[in-house]
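A quick write-up on the structure given underneath.
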Amino acid sequence: MQLRLLSLYPDQMNIYADRGNILFLQHRCEWRGIEFEVTRCGPGDRFDPTEHDLLYMGGGQDRDQKAVARDLVKTKQASMRASLESGAAILAVCGGYQLLGESYELEGEKIAGLGLVDLKTVREPGPRLIGPVAICVDLDGEERILAGFENHGGRTRLGGASPLGRVIHGHGNNGQDGFEGVRQHNLIGTYLHGPLLPKNAWLADHLIATGLEHHHGSRPVLEPLDDDLENAAHKAALTAARNG
Amino acid sequence: MIRAKAWVARSVGRLSRATGRGGGTTLPGRVLLKLDRNAISSLGSQLTEGSTLISATNGKTTTASMLATILAGTGRDPVHNRAGSNMTWGVATALLEQKGTEGLFEVDEAWLPEVADRLHPGTILLGNLFRDQLDRYGETETLADAWAALASRLAGKTGFVLNADDPLVADIGNSSGPDTVYFGIDDPTQALAELQHAHDAKLCRVCGNNLTYDRAFVGHLGHYHCESCGMKRPQPQISATAITLRGMSGLEATIESPEGPARLTLPLPGLYNLYNALGAIATARQLGIPVADAVGSLAGMKAVFGRVERIEIGDVSLSILLVKNPAGANEVIRTLALEPAPIDLWLALNDRIADGRDVSWIWDADFEMLADRVGTVTCTGTRASEMALRLKYAGWPIEKTEVVVDAEEALDRALAKAGSQLFALPTYTALLDLRNLLSDRGDTGKYWQG
């Protein structure tokens, strides 16, 4: 089996150690004998949606993110939409998450996003939303916890889109409505960086299974791994969120 | 008025130390600033020879200590926050408790404008900006903007000493006026094979287009230019050539300046410490000290608290190296990679406020470089398990890695397993804990006496 990951803007959108997420996916595939391929896709590059099963985009500094927003719309919008419709897994974290929506606001300027999901990100008075966070998520009929860290100035409001989960500890999308992230088909957007996956191995495996299903047509049952450390790290992140 | 308030605050410091409640390196200043918000200005005005401020993401404490060593070599004894307490209250505490005619203060990156606006320093040395504790400091670009605004306010009144090799710092020279001096490394043989994967200065500060790097030495510090607007690294007046690195034991380099070449022997390791030394030498020159004298003094430089400090415990030699962000950690890792294998390690990852609550950064540091060289590994701290997890995914031998949450128990385990050397890599609060632990056990003196 083979999982083909597309890393979007790895040089621009990597502010919160986003490579940790990719490294985590890579090892968990390789330990199971699943071939793991990473393709980097930067400014100006186009991609063929049929050749990638899992798309990853992280967060960036404001200036980088603004340049990326323009480039995304110009060179990748159609492919992103095709990937979403074909059932590829998409994980967009922090700044990457904001770019999925219709628009986001930066220094009083409204910047167009991909318009892949019905949400927008605005600025409102008040401090950045920073701190450890835990949310309750139900992806496949079973409630689970995602634990991580958030650090965002923008407030995200969902239109018709469904949230990824509800906030147990922390701020979430806007610090008000109790929701965190977005979920549409196999796309997940979230403010939990951290990197998110090493602290939530179950989500990494969910993405791997979804990606393999995209490539090979059927959803495999993944071989279990020794996850003692992964579980301990999850617990420590959850404790940090609980203690605020 | 300031005298009465200062007396109260000093008494608090004495009480704090007498009751053994900690270093007293911040409490008197905190009390004083509560009593008088302008205390730094009033006490600072008593420094008749003026003051020097040092800021950077990495190397503040070491650079300030180097400059203090150089000044001491010429008989000068500045008021200096030498324990590394570098926010307003740390500066206030030093001003309260020490007498002198000149000031030497390391200042936290985010607090620099506040302290500088109050102290009106004669000289400011700016070393580098790396991503660090994004939950506290925000983006490097934001800090660079705040520094540039400060430089505009102080232009013509304050001299600036800037690292030419950091595009975020060198850009301050566009705001700081004519009294600006640059330092940098001019030895191409020391360049990294490739740019660090997540480096922090990708875009030109002038026009916003991509920077081109001819070479990089530490993180994004190197030789760069912008093809789009023609911006380029300023030519440094103080530079290092002919560099020889000697692992943990230090390095040698030739320091070029308008005064001619001088050969530096530095007993601290790594190019990051060479940058610290260059900053200290360039600043000392601004303060009237010839380069040859500064270079001579640095040969006798001792490590400072938790920065390549070495302590003998039984028959194990314990080296302590603070790690707190990816760029700093990578330099520590690069230095350790020159040590003979197997390398025994004690790593302590805390997520307290002073460490940064967000421990993401460990995934940006290149622990992979040591995977084939480690011996035994003990992880401790509030986020010990995530540290161990990072090492597992960096390819470190998981069967030789132990998680022991209690720091003292972890240290004993690590010492028992180690060969003749143990390397301790703590985050900031873990370093304070370790130092207190060692001093309680009689292994070292209390750091605030040091």
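Just remember, in the structure tokens the first chain shown is A, the second B, etc., residues are 1-based per chain, and ligands are 1-based in the order shown.
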Hey, what's within 12 Å of Leu434 of chain B if we count only C-alpha atoms and toss same-chain stuff fewer than 3 positions away? As a PyMOL selection string, please? chain B and resi 305-306+311+318-322+346-350+380-381+406-412+424-431+437-441+443-444+446-447
Name all residues at most 8 Å from Thr212 of chain B (count only C-alpha atoms; drop same-chain ones fewer than 6 positions away) and give them as number ranges by chain. B: 224-227
Generate a file of the selected residues that holds C-alpha atoms, formatted as an mmCIF file, in the first residue's frame.
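Result went into part30.cif, see below:
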```cif
data_model
loop_
_atom_site.group_PDB
_atom_site.id
_atom_site.type_symbol
_atom_site.label_atom_id
_atom_site.label_comp_id
_atom_site.auth_asym_id
_atom_site.auth_seq_id
_atom_site.Cartn_x
_atom_site.Cartn_y
_atom_site.Cartn_z
ATOM 1 C CA TYR B 224 21.989 37.055 1.927
ATOM 2 C CA HIS B 225 20.679 39.490 -0.614
ATOM 3 C CA CYS B 226 17.443 40.392 -2.337
ATOM 4 C CA GLU B 227 17.474 39.966 -6.100
#
```
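Residues of segment 250-294 of chain B that DSSP places in strand (DSSP E or B), based on the backbone of this structure, are Leu251, Glu252, Ala253, Thr254, Ile255, Glu256, Ala262, Arg263, Leu264, Thr265 and Leu266 of chain B.
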Residues from last step as file, N, CA and C atoms, as an mmCIF file, in the first residue's frame:
```cif
data_model
loop_
_atom_site.group_PDB
_atom_site.id
_atom_site.type_symbol
_atom_site.label_atom_id
_atom_site.label_comp_id
_atom_site.auth_asym_id
_atom_site.auth_seq_id
_atom_site.Cartn_x
_atom_site.Cartn_y
_atom_site.Cartn_z
ATOM 1 N N LEU B 251 36.733 27.405 20.513
ATOM 2 C CA LEU B 251 37.030 27.702 19.112
ATOM 3 C C LEU B 251 38.110 28.768 19.019
ATOM 4 N N GLU B 252 38.646 28.901 17.812
ATOM 5 C CA GLU B 252 39.583 29.990 17.533
ATOM 6 C C GLU B 252 39.131 30.711 16.274
ATOM 7 N N ALA B 253 39.421 31.999 16.205
ATOM 8 C CA ALA B 253 39.065 32.766 15.012
ATOM 9 C C ALA B 253 39.913 34.018 14.957
ATOM 10 N N THR B 254 40.054 34.553 13.758
ATOM 11 C CA THR B 254 40.730 35.840 13.615
ATOM 12 C C THR B 254 39.665 36.931 13.539
ATOM 13 N N ILE B 255 39.803 37.915 14.408
ATOM 14 C CA ILE B 255 38.846 39.023 14.428
ATOM 15 C C ILE B 255 39.424 40.174 13.604
ATOM 16 N N GLU B 256 38.744 40.474 12.500
ATOM 17 C CA GLU B 256 39.176 41.580 11.635
ATOM 18 C C GLU B 256 38.428 42.847 12.052
ATOM 19 N N ALA B 262 43.182 40.294 14.984
ATOM 20 C CA ALA B 262 43.577 39.806 16.314
ATOM 21 C C ALA B 262 43.068 38.373 16.427
ATOM 22 N N ARG B 263 43.897 37.484 16.961
ATOM 23 C CA ARG B 263 43.503 36.072 17.038
ATOM 24 C C ARG B 263 42.770 35.824 18.349
ATOM 25 N N LEU B 264 41.541 35.311 18.240
ATOM 26 C CA LEU B 264 40.696 35.043 19.410
ATOM 27 C C LEU B 264 40.730 33.561 19.757
ATOM 28 N N THR B 265 40.966 33.249 21.020
ATOM 29 C CA THR B 265 40.777 31.890 21.519
ATOM 30 C C THR B 265 39.628 31.950 22.509
ATOM 31 N N LEU B 266 38.532 31.297 22.157
ATOM 32 C CA LEU B 266 37.326 31.405 22.985
ATOM 33 C C LEU B 266 37.052 30.056 23.637
#
```
Give me the residues near Arg28 of chain A as a VMD selection string, where near means some atom within 9 Å (using only C-alpha atoms) and where sequence neighbours in that chain fewer than 3 positions away do not count. chain A and resid 23 to 25 31 to 34 204 to 205 208 225
Next, dump the selected residues to file, keeping only N, CA and C atoms, as a CSV table (one decimal), in the first residue's frame.
```csv
chain,number,residue,atom,x,y,z
A,23,LEU,N,6.2,14.2,9.9
A,23,LEU,CA,7.2,13.2,10.4
A,23,LEU,C,6.4,12.1,11.1
A,24,PHE,N,5.4,12.5,11.8
A,24,PHE,CA,4.6,11.5,12.6
A,24,PHE,C,3.8,10.6,11.6
A,25,LEU,N,3.2,11.1,10.6
A,25,LEU,CA,2.5,10.3,9.6
A,25,LEU,C,3.5,9.4,8.9
A,31,TRP,N,6.4,2.1,9.7
A,31,TRP,CA,6.4,1.0,10.6
A,31,TRP,C,5.4,0.0,10.3
A,32,ARG,N,4.4,0.3,9.5
A,32,ARG,CA,3.4,-0.7,9.1
A,32,ARG,C,3.7,-1.2,7.7
A,33,GLY,N,4.8,-0.8,7.1
A,33,GLY,CA,5.1,-1.3,5.8
A,33,GLY,C,4.3,-0.6,4.7
A,34,ILE,N,3.8,0.6,5.0
A,34,ILE,CA,3.0,1.4,4.0
A,34,ILE,C,4.0,2.4,3.4
A,204,ALA,N,-4.0,10.8,13.6
A,204,ALA,CA,-3.0,10.5,12.5
A,204,ALA,C,-3.4,9.2,11.8
A,205,ASP,N,-3.8,8.2,12.6
A,205,ASP,CA,-4.2,6.9,12.0
A,205,ASP,C,-5.5,7.0,11.2
A,208,ILE,N,-4.5,8.5,7.9
A,208,ILE,CA,-3.8,7.5,7.1
A,208,ILE,C,-4.8,6.5,6.5
A,225,LEU,N,0.1,-0.2,16.8
A,225,LEU,CA,1.5,0.1,17.1
A,225,LEU,C,1.6,0.2,18.6
```
Write out as a Markdown table a residue-level contact list of chain A versus chain B with cut-off 6 Å: for each qualifying residue the closest pair of atoms and the distance in Å to one decimal, counting only C-alpha atoms, rows sorted by chain and residue number upward.
```
| residue | atom | partner | partner_atom | distance |
| --- | --- | --- | --- | --- |
| A:Ala17 | CA | B:Asp364 | CA | 4.9 |
| A:Gly20 | CA | B:Trp363 | CA | 5.1 |
| A:Gly194 | CA | B:Ser360 | CA | 4.6 |
| A:Pro195 | CA | B:Ser360 | CA | 5.7 |
| A:Leu229 | CA | B:Leu389 | CA | 5.9 |
| A:Ala232 | CA | B:Ser385 | CA | 5.8 |
| A:Ala233 | CA | B:Glu386 | CA | 4.8 |
```
Write out as a list in words the residues lying within 9 Å of Gln98 of chain B, counting only C-alpha atoms and excluding same-chain residues fewer than 3 positions away. Pro78, Val79, His80, Thr93, Ala94 and Leu95 of chain B
Write down as a PyMOL selection string the residues belonging to segment 5-190 of chain A that are assigned alpha helix (DSSP H) by DSSP computed on the backbone. chain A and resi 19-30+62-75+77-86+95-100
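Counting from atom CA of Val73 of chain A, the distance to atom CA of His214 of chain A is 24.1 Å.
Here atom CA of Asp132 of chain B is placed at a distance of 27.6 Å from atom CA of Ala284 of chain B.
With only C-alpha atoms as the atoms that count, the minimum distance from Leu211 of chain B to the choices B:Pro167, B:Ile124, B:Thr52, B:Gly177 is reached by B:Pro167.
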Quick one: residues within 8 Å of Ile168 of chain A, only C-alpha atoms, excluding same-chain residues fewer than 6 positions away - as a ChimeraX atom specification? /A:133-136
From the options A:Cys29, A:Ala78, A:Leu99, A:Ala236, which residue's atoms come nearest to Leu222 of chain A, counting only C-alpha atoms?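 For Leu222 of chain A, the nearest of the candidates is A:Cys29.
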Do a neighbour search on Pro49 of chain A at 10 Å with only C-alpha atoms, toss out local chain neighbours closer than 5 positions, and write the hits as a list in words. Leu6, Leu54, Leu55, Lys76, Ala78, Ser79, Met80, Arg81, Ala82, Ser83, Leu84, Glu85, Ser86 and Ala88 of chain A
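Taking only C-alpha atoms, the non-local environment of Tyr137 of chain B within 12 Å (same-chain residues fewer than 5 positions away omitted) comprises Arg128, Ile130 and Asn151 of chain A; Thr57, Asp108, Glu109, Ala110, Trp111, Leu129, Phe130, Arg131, Asp132, Thr142, Leu143, Ala144, Ala146, Ile353, Ala354, Asp355, Gly356, Arg357 and Asp358 of chain B.
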Could you write out that same residue set with N, CA and C atoms as a PDB file, in the first residue's frame?
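The resulting file, selection29.pdb, is reproduced below:
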```pdb
ATOM      1  N   ARG A 128      -5.264  37.999  21.435  1.00  0.00           N
ATOM      2  CA  ARG A 128      -5.092  36.736  20.712  1.00  0.00           C
ATOM      3  C   ARG A 128      -5.607  35.612  21.584  1.00  0.00           C
ATOM      4  N   ILE A 130      -4.828  32.334  22.954  1.00  0.00           N
ATOM      5  CA  ILE A 130      -3.596  31.558  23.123  1.00  0.00           C
ATOM      6  C   ILE A 130      -3.764  30.607  24.296  1.00  0.00           C
ATOM      7  N   ASN A 151      -3.127  29.392  19.073  1.00  0.00           N
ATOM      8  CA  ASN A 151      -2.509  30.713  19.131  1.00  0.00           C
ATOM      9  C   ASN A 151      -2.936  31.471  17.880  1.00  0.00           C
TER      10      ASN A 151
ATOM     11  N   THR B  57      17.250  36.877  20.671  1.00  0.00           N
ATOM     12  CA  THR B  57      16.526  35.689  21.105  1.00  0.00           C
ATOM     13  C   THR B  57      17.470  34.760  21.855  1.00  0.00           C
ATOM     14  N   ASP B 108      15.075  41.336  27.757  1.00  0.00           N
ATOM     15  CA  ASP B 108      14.143  40.505  27.015  1.00  0.00           C
ATOM     16  C   ASP B 108      13.712  41.218  25.724  1.00  0.00           C
ATOM     17  N   GLU B 109      13.583  40.469  24.640  1.00  0.00           N
ATOM     18  CA  GLU B 109      13.281  41.058  23.327  1.00  0.00           C
ATOM     19  C   GLU B 109      12.026  41.924  23.361  1.00  0.00           C
ATOM     20  N   ALA B 110      10.985  41.408  24.016  1.00  0.00           N
ATOM     21  CA  ALA B 110       9.707  42.115  24.005  1.00  0.00           C
ATOM     22  C   ALA B 110       9.731  43.330  24.931  1.00  0.00           C
ATOM     23  N   TRP B 111      10.587  43.286  25.960  1.00  0.00           N
ATOM     24  CA  TRP B 111      10.652  44.386  26.922  1.00  0.00           C
ATOM     25  C   TRP B 111      11.658  45.456  26.519  1.00  0.00           C
ATOM     26  N   LEU B 129      17.237  37.373  15.941  1.00  0.00           N
ATOM     27  CA  LEU B 129      15.823  37.084  16.210  1.00  0.00           C
ATOM     28  C   LEU B 129      15.484  35.729  15.604  1.00  0.00           C
ATOM     29  N   PHE B 130      15.100  34.802  16.466  1.00  0.00           N
ATOM     30  CA  PHE B 130      14.655  33.487  16.016  1.00  0.00           C
ATOM     31  C   PHE B 130      13.247  33.249  16.541  1.00  0.00           C
ATOM     32  N   ARG B 131      12.545  32.318  15.926  1.00  0.00           N
ATOM     33  CA  ARG B 131      11.238  31.977  16.485  1.00  0.00           C
ATOM     34  C   ARG B 131      11.444  31.384  17.880  1.00  0.00           C
ATOM     35  N   ASP B 132      10.668  31.857  18.819  1.00  0.00           N
ATOM     36  CA  ASP B 132      10.870  31.486  20.211  1.00  0.00           C
ATOM     37  C   ASP B 132       9.590  31.785  20.971  1.00  0.00           C
ATOM     38  N   THR B 142       7.097  40.709  13.924  1.00  0.00           N
ATOM     39  CA  THR B 142       6.468  41.697  14.803  1.00  0.00           C
ATOM     40  C   THR B 142       7.506  42.308  15.738  1.00  0.00           C
ATOM     41  N   LEU B 143       8.391  41.463  16.288  1.00  0.00           N
ATOM     42  CA  LEU B 143       9.461  41.968  17.147  1.00  0.00           C
ATOM     43  C   LEU B 143      10.405  42.873  16.356  1.00  0.00           C
ATOM     44  N   ALA B 144      10.720  42.454  15.133  1.00  0.00           N
ATOM     45  CA  ALA B 144      11.620  43.261  14.298  1.00  0.00           C
ATOM     46  C   ALA B 144      10.995  44.635  14.037  1.00  0.00           C
ATOM     47  N   ALA B 146       8.925  46.235  16.052  1.00  0.00           N
ATOM     48  CA  ALA B 146       8.987  47.002  17.297  1.00  0.00           C
ATOM     49  C   ALA B 146      10.410  47.530  17.529  1.00  0.00           C
ATOM     50  N   ILE B 353       5.120  29.112  32.235  1.00  0.00           N
ATOM     51  CA  ILE B 353       5.012  30.359  31.468  1.00  0.00           C
ATOM     52  C   ILE B 353       6.378  30.836  30.975  1.00  0.00           C
ATOM     53  N   ALA B 354       7.396  30.756  31.825  1.00  0.00           N
ATOM     54  CA  ALA B 354       8.717  31.244  31.426  1.00  0.00           C
ATOM     55  C   ALA B 354       9.384  30.357  30.374  1.00  0.00           C
ATOM     56  N   ASP B 355       8.882  29.129  30.214  1.00  0.00           N
ATOM     57  CA  ASP B 355       9.404  28.265  29.154  1.00  0.00           C
ATOM     58  C   ASP B 355       8.664  28.505  27.850  1.00  0.00           C
ATOM     59  N   GLY B 356       7.479  29.132  27.946  1.00  0.00           N
ATOM     60  CA  GLY B 356       6.508  29.075  26.857  1.00  0.00           C
ATOM     61  C   GLY B 356       5.609  27.879  27.144  1.00  0.00           C
ATOM     62  N   ARG B 357       4.291  28.129  27.174  1.00  0.00           N
ATOM     63  CA  ARG B 357       3.363  27.033  27.440  1.00  0.00           C
ATOM     64  C   ARG B 357       3.351  26.023  26.293  1.00  0.00           C
ATOM     65  N   ASP B 358       3.712  26.514  25.114  1.00  0.00           N
ATOM     66  CA  ASP B 358       3.604  25.717  23.895  1.00  0.00           C
ATOM     67  C   ASP B 358       4.919  24.973  23.641  1.00  0.00           C
TER      68      ASP B 358
END
```
Rank A:Ala161, A:Met1, A:Ile145, A:Val167 by their smallest atom-to-atom distance to Gly189 of chain A, using only C-alpha atoms, and report the top residue only. A:Ala161
From the options A:Glu142, A:Asp118, A:Asp226, A:Glu35, which residue's atoms come nearest to Gly160 of chain A, counting only C-alpha atoms? A:Asp118
